[in-house]
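Please read the structure below before turning to the comments.
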Amino acid sequence: KMIHDRGQVIGNHAWDHVNLKELSREEIDRQIEDVQNIVEELTGKRPQFFRPPHGASNQLVLEKVKEEQMLFMTWSTGSEDWVKKYFNPESVIQNVLSRLHPGSNILMHELPWTVEALDTLLTKIKEAGYAFVDPNAIEIE
């Protein structure tokens with residue numbers, strides 16, 4: 001509710017952080033619907049974006065996401081901020097900048113070293129000529 005009240009976008013990442021490819025259709029439905037329902041109950045709005053845990057998906061997941069009228073999203077590059085040897089802001093910055101390309105969708109997590117890297121990283125991305133897309137500007141078909 002706090003995230004919504006701050007005007008930020010809430011996406012669906014499934015109820016549990018599981019590999020959805022290993023689940024039945026009924027379990028996939030529950031994983032996705034439970035998040036849709038509780039977010040709507042708390043905010044009045046169902047999420048419009050879906051990113052599967054671990055990036056793992058299959059046709060059943062894609063069908064459910066489409067049924068829920070969400071945009072299926074994954075990343076095209078990552079900071080690897082969850083890998084122990086990169087548990088520092090400098091590595092996060094270097095990993096992202098070295099992999100950046102037009103249309104990049106960068107995977108990052110709410111980790112202390114990632115948060116610490118953000119100001120510098122976002123400035124460097126902008127200086128490199130890239131811009132950022134507000135998720136609210138994306139049209140969902």
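Chain identifiers are assigned as A, B, and so on, following the order in which chains appear in the structure tokens; residues are numbered from 1 within each chain, and ligands are numbered from 1 in order of appearance.
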Give me, as a PDB file with C-alpha atoms, in the first residue's frame, all polymer residues having an atom no more than 10 Å from Thr114 (chain A), counting only C-alpha atoms and skipping those fewer than 2 positions away in the same chain.
```pdb
ATOM      1  CA  SER A  79      23.833  -6.305 -12.350  1.00  0.00           C
ATOM      2  CA  GLU A  80      24.526  -9.704 -10.776  1.00  0.00           C
ATOM      3  CA  ASP A  81      24.107  -7.902  -7.464  1.00  0.00           C
ATOM      4  CA  TRP A  82      22.959 -11.199  -5.900  1.00  0.00           C
ATOM      5  CA  TYR A  86      29.700  -8.512  -6.606  1.00  0.00           C
ATOM      6  CA  PHE A  87      28.440  -7.452  -3.177  1.00  0.00           C
ATOM      7  CA  ASN A  88      29.731  -3.898  -3.592  1.00  0.00           C
ATOM      8  CA  PRO A  89      28.536  -0.753  -5.386  1.00  0.00           C
ATOM      9  CA  GLU A  90      31.507  -0.562  -7.766  1.00  0.00           C
ATOM     10  CA  SER A  91      30.809  -4.034  -9.147  1.00  0.00           C
ATOM     11  CA  VAL A  92      27.129  -3.291  -9.623  1.00  0.00           C
ATOM     12  CA  ILE A  93      27.993  -0.144 -11.580  1.00  0.00           C
ATOM     13  CA  MET A 108      18.632  -5.279  -9.941  1.00  0.00           C
ATOM     14  CA  HIS A 109      17.558  -6.027  -6.392  1.00  0.00           C
ATOM     15  CA  GLU A 110      16.901  -3.975  -3.256  1.00  0.00           C
ATOM     16  CA  LEU A 111      20.268  -4.812  -1.731  1.00  0.00           C
ATOM     17  CA  PRO A 112      22.325  -2.316   0.293  1.00  0.00           C
ATOM     18  CA  GLU A 116      24.372   2.664  -2.715  1.00  0.00           C
ATOM     19  CA  ALA A 117      25.315   2.345  -6.412  1.00  0.00           C
ATOM     20  CA  LEU A 118      22.118   3.850  -7.815  1.00  0.00           C
ATOM     21  CA  ASP A 119      22.899   7.576  -7.861  1.00  0.00           C
ATOM     22  CA  LEU A 121      24.871   4.343 -11.906  1.00  0.00           C
TER      23      LEU A 121
END
```
Using only C-alpha atoms, determine which residues lie at most 7 Å from region 39-48 of chain A, disregarding the query and same-chain residues fewer than 4 positions distant; provide the list as a PDB file with N, CA, C and O atoms, in the first residue's frame.
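Output saved as around_18.pdb:
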```pdb
ATOM      1  N   LYS A   1       0.838  -1.196   0.000  1.00  0.00           N
ATOM      2  CA  LYS A   1       0.000   0.000   0.000  1.00  0.00           C
ATOM      3  C   LYS A   1       0.870   1.241   0.000  1.00  0.00           C
ATOM      4  O   LYS A   1       0.593   2.202  -0.719  1.00  0.00           O
ATOM      5  N   HIS A   4       2.268   1.896  -3.477  1.00  0.00           N
ATOM      6  CA  HIS A   4       1.205   2.455  -4.318  1.00  0.00           C
ATOM      7  C   HIS A   4       0.933   3.900  -3.950  1.00  0.00           C
ATOM      8  O   HIS A   4       0.800   4.757  -4.825  1.00  0.00           O
ATOM      9  N   ILE A  10       3.490  -1.199  -9.106  1.00  0.00           N
ATOM     10  CA  ILE A  10       3.624  -2.517  -8.488  1.00  0.00           C
ATOM     11  C   ILE A  10       3.399  -3.572  -9.563  1.00  0.00           C
ATOM     12  O   ILE A  10       2.395  -3.553 -10.264  1.00  0.00           O
ATOM     13  N   GLY A  11       4.354  -4.475  -9.679  1.00  0.00           N
ATOM     14  CA  GLY A  11       4.223  -5.572 -10.623  1.00  0.00           C
ATOM     15  C   GLY A  11       3.992  -6.882  -9.882  1.00  0.00           C
ATOM     16  O   GLY A  11       4.077  -6.943  -8.657  1.00  0.00           O
ATOM     17  N   ASN A  12       3.689  -7.898 -10.622  1.00  0.00           N
ATOM     18  CA  ASN A  12       3.457  -9.226 -10.069  1.00  0.00           C
ATOM     19  C   ASN A  12       4.717 -10.067 -10.313  1.00  0.00           C
ATOM     20  O   ASN A  12       5.232 -10.109 -11.419  1.00  0.00           O
ATOM     21  N   VAL A  35      -1.481 -12.876  -6.101  1.00  0.00           N
ATOM     22  CA  VAL A  35      -0.845 -11.551  -6.084  1.00  0.00           C
ATOM     23  C   VAL A  35      -1.780 -10.521  -6.702  1.00  0.00           C
ATOM     24  O   VAL A  35      -1.969  -9.425  -6.150  1.00  0.00           O
ATOM     25  N   GLN A  69      -4.203  -9.913 -18.466  1.00  0.00           N
ATOM     26  CA  GLN A  69      -3.977  -8.651 -19.177  1.00  0.00           C
ATOM     27  C   GLN A  69      -2.742  -7.907 -18.649  1.00  0.00           C
ATOM     28  O   GLN A  69      -2.752  -6.693 -18.492  1.00  0.00           O
ATOM     29  N   MET A  70      -1.677  -8.689 -18.406  1.00  0.00           N
ATOM     30  CA  MET A  70      -0.414  -8.106 -17.970  1.00  0.00           C
ATOM     31  C   MET A  70       0.605  -8.192 -19.096  1.00  0.00           C
ATOM     32  O   MET A  70       0.476  -9.014 -19.995  1.00  0.00           O
ATOM     33  N   LEU A  71       1.610  -7.355 -19.002  1.00  0.00           N
ATOM     34  CA  LEU A  71       2.750  -7.418 -19.900  1.00  0.00           C
ATOM     35  C   LEU A  71       3.799  -8.303 -19.256  1.00  0.00           C
ATOM     36  O   LEU A  71       4.205  -8.073 -18.112  1.00  0.00           O
TER      37      LEU A  71
END
```
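Excluding Pro53 (chain A) itself and same-chain residues fewer than 6 positions from it, the residues having an atom within 8 Å of it are His13, Ala14, His17, Val18, Asn19 and Leu20 of chain A, counting only C-alpha atoms.
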(request) Could you please write out, as a PyMOL selection string, every residue of region 3-141 of chain A that DSSP assigns to strand (DSSP E)? (result) chain A and resi 49-50+71-72+77-78+106-107
(request) Determine which residues of region 44-136 of chain A DSSP labels as helix (DSSP H, G or I) from the backbone of this structure, then write them out as a PyMOL selection string. (result) chain A and resi 53-55+59-67+84-86+89-99+112-127+135-136
(request) Compare A:Val61, A:Val9, A:Met2, A:Leu122 by their minimum atom-to-atom distance to Leu23 (chain A), counting only C-alpha atoms, and give me the closest one. (result)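 Going through A:Val61, A:Val9, A:Met2, A:Leu122 one by one, the smallest distance to Leu23 (chain A) is for A:Val61.
For the pair CA of Glu139 (chain A) and CA of Glu26 (chain A), the separation is 28.4 Å.
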(request) Using CA of Asp5 (chain A) and CA of Gln31 (chain A) as the two end points, give the distance in Å to one decimal. (result)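 CA of Gln31 (chain A) lies at a distance of 24.3 Å from CA of Asp5 (chain A).
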(request) Grab the CA of Asp29 (chain A) to CA of Ile106 (chain A) distance for me, in Å with one decimal place. (result) 26.7 Å
(message) Ranking A:Leu60, A:Ile28, A:Val83, A:Ala131 by minimum distance to His101 (chain A) and counting only C-alpha atoms, which one comes first?
(response)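 Smallest separation from His101 (chain A) among the options: A:Ala131.
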